[in-house]
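Visitor: Structure in structure tokens, see below.
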Amino acid sequence: MDKHSEYHKLIDFISNWVELSKTDIDQLQSKLIIEHYTKDDIIVKPEQICKSIKFVISGVYRVYLIRNGKEITSYFNYESRNPIVASFASLLKEQPSNEIVECIIPGKLISINYAYWKSLYTISESFNTFGRLMAEFNYILALERIESLQYQSATDRYEMFIKLYPDLLNMIPHHYIASYLGVTPESLSRIRKTALKK
């Protein structure tokens with residue numbers, strides 16, 4: 001796949017939300033960079049200030065924190081779910097990240113400097129609208145995640161995971177999934193066995 005075909009994955013994604021003019025597309029494409037990642041590559045490190053947003057072309061990526069020596073997975077990024085990759089708190093507040101963003105299945109990301117991305121908001125109504133829609137979309141995702149952890153049982157969270165990330169169950173290590181669900185790997189194994197019996 002050539003560079004411009006890969007760029008069009010991002011352009012098509014944005015175009016699902018807003019209409020882009022040729023000028024919009026040219027301004028966007030002029031600053032895009034394609035980055036290649038292998039398994040275990042760290043994209044955002046702890047205490048690093050995140051200065052770019054990235055879009056998934058291929059691969060799977062994990063956002064997590066470390067608390068008391070334990071990894072707590074916040075969410076996964078891949079092409080068909082959460083394709084925009086960043087440590088958003090660090091990006092928006094311009095402060096060191098508490099999160100780690102890691103590649104867990106090799107792939108490629110399209111990257112753009114966030115300062116330039118924000119400048120597009122001021123010169124393009126379409127990009128300004130897209131930025132607002134993405135902020136609203138990510139706010140809803142965050143609320144759903146909080147409500148899941150606060151109000152759902154582990155079994156309910158597992159069933160929701162299957163709906164949200166149907167491709168990941170057989171692609172990534174199960175201890176990452178257990179971390180995302182807030183359970184031990186042993187508990188996840190029991191939940192999966194029970195679910196298979198239904």
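Note on naming: chains are A, B, ... as they come in the structure tokens, residues start from 1 per chain, ligands start from 1 in the order shown.
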When you look at region 67-73 of chain A with a cut-off of 12 Å (counting only C-alpha atoms), what residues show up, excluding the ones that are within fewer than 5 positions of it in the same chain? I need them as a count of residues only.

Guide: 19

Visitor: Just the strand (DSSP E) stuff from region 23-165 of chain A, please, per backbone DSSP, written as a count of residues only.

Guide: 45

Visitor: Here is a test: counting only C-alpha atoms, which residue of A:Leu20, A:Leu10, A:Ala115, A:Ile34 is nearest to Ser52 (chain A)?

Guide: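 Answer, going by the shortest atom-to-atom distance: A:Ala115.
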
Visitor: Could you name the residues that touch region 127-130 of chain A at 8 Å or less, counting only C-alpha atoms, but leaving out those on the same chain fewer than 2 positions away, as a PyMOL selection string?

Guide: chain A and resi 14+17-18+24+120-122+124-125+132-134

Visitor: Could you save those same residues with N, CA and C atoms as a short mmCIF file (atom, residue, chain, number, x, y, z; two decimals), in the first residue's frame?

Guide:
data_model
loop_
_atom_site.label_atom_id
_atom_site.label_comp_id
_atom_site.auth_asym_id
_atom_site.auth_seq_id
_atom_site.Cartn_x
_atom_site.Cartn_y
_atom_site.Cartn_z
N ILE A 14 -12.30 10.75 8.48
CA ILE A 14 -12.78 12.11 8.78
C ILE A 14 -14.01 12.43 7.95
N TRP A 17 -17.53 11.90 9.03
CA TRP A 17 -18.09 12.82 10.02
C TRP A 17 -18.38 14.20 9.43
N VAL A 18 -17.48 14.68 8.55
CA VAL A 18 -17.63 16.01 7.96
C VAL A 18 -17.21 15.96 6.49
N ASP A 24 -8.78 21.42 2.29
CA ASP A 24 -8.68 20.75 3.60
C ASP A 24 -7.76 19.53 3.49
N LEU A 120 -5.49 23.86 12.20
CA LEU A 120 -6.50 23.56 11.18
C LEU A 120 -7.90 23.97 11.65
N TYR A 121 -8.12 23.94 12.98
CA TYR A 121 -9.43 24.34 13.50
C TYR A 121 -9.75 25.79 13.15
N THR A 122 -8.73 26.63 13.11
CA THR A 122 -8.94 28.07 12.91
C THR A 122 -9.10 28.43 11.44
N SER A 124 -10.26 26.03 9.01
CA SER A 124 -11.20 25.15 8.32
C SER A 124 -12.39 24.85 9.22
N GLU A 125 -13.58 25.23 8.78
CA GLU A 125 -14.79 24.93 9.55
C GLU A 125 -14.99 23.43 9.67
N ARG A 132 -14.68 18.99 17.35
CA ARG A 132 -15.75 19.00 18.36
C ARG A 132 -16.46 17.66 18.43
N LEU A 133 -16.75 17.08 17.28
CA LEU A 133 -17.44 15.79 17.25
C LEU A 133 -16.59 14.70 17.89
N MET A 134 -15.29 14.72 17.64
CA MET A 134 -14.39 13.73 18.24
C MET A 134 -14.31 13.91 19.75
#

Visitor: How far is it from CA of Leu109 (chain A) to CA of Glu35 (chain A), in Å with one decimal?

Guide: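 The value is 5.2 Å.
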
Visitor: For a quick check of understanding, using only C-alpha atoms, which of A:Pro185, A:Gly131, A:Pro83, A:Gly107 has the smallest distance to His36 (chain A)?

Guide: A:Gly107

Visitor: What does the distance from CA of Glu94 (chain A) to CA of Leu65 (chain A) come to in Å, to one decimal?

Guide: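 It comes out at 17.9 Å.
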
Visitor: If you run DSSP on this backbone, which residues of chain A come out as helix (DSSP H, G or I), and could you give them as a VMD selection string?

Guide: chain A and resid 3 to 15 22 to 29 88 to 93 114 to 123 125 to 151 154 to 164 174 to 181 185 to 197

Visitor: For CA of Ile172 (chain A) and CA of Pro106 (chain A), determine how far apart the two atoms are, in Å to one decimal place.

Guide: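 Those two atoms sit 11.5 Å apart.
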
Visitor: Contacts of Asn113 (chain A) at 8 Å or less, counting only C-alpha atoms, minus same-chain residues fewer than 3 places along, as a list in words?

Guide: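 Selected residues are Lys31, Lys51, Ser52, Ile53, Tyr116 and Trp117 of chain A.
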
Visitor: For the selection just defined, write its residues with C-alpha atoms to a file, as an mmCIF file, in the first residue's frame.

Guide:
data_model
loop_
_atom_site.group_PDB
_atom_site.id
_atom_site.type_symbol
_atom_site.label_atom_id
_atom_site.label_comp_id
_atom_site.auth_asym_id
_atom_site.auth_seq_id
_atom_site.Cartn_x
_atom_site.Cartn_y
_atom_site.Cartn_z
ATOM 1 C CA LYS A 31 1.929 17.389 7.482
ATOM 2 C CA LYS A 51 2.627 16.266 21.229
ATOM 3 C CA SER A 52 0.990 14.410 18.373
ATOM 4 C CA ILE A 53 -2.172 12.537 17.535
ATOM 5 C CA TYR A 116 -0.556 21.996 13.561
ATOM 6 C CA TRP A 117 -3.746 19.963 13.963
#

Visitor: In terms of the shortest atom-to-atom distance over only C-alpha atoms, which of A:Cys103, A:Leu141, A:Val44, A:Ile162 is closest to Val56 (chain A)?

Guide: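 Distance minimum relative to Val56 (chain A) lands on A:Cys103.
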
Visitor: Excluding same-chain residues fewer than 4 positions from region 87-89 of chain A, what lies within 7 Å of it counting only C-alpha atoms, as a PyMOL selection string?

Guide: chain A and resi 50+93+97+99
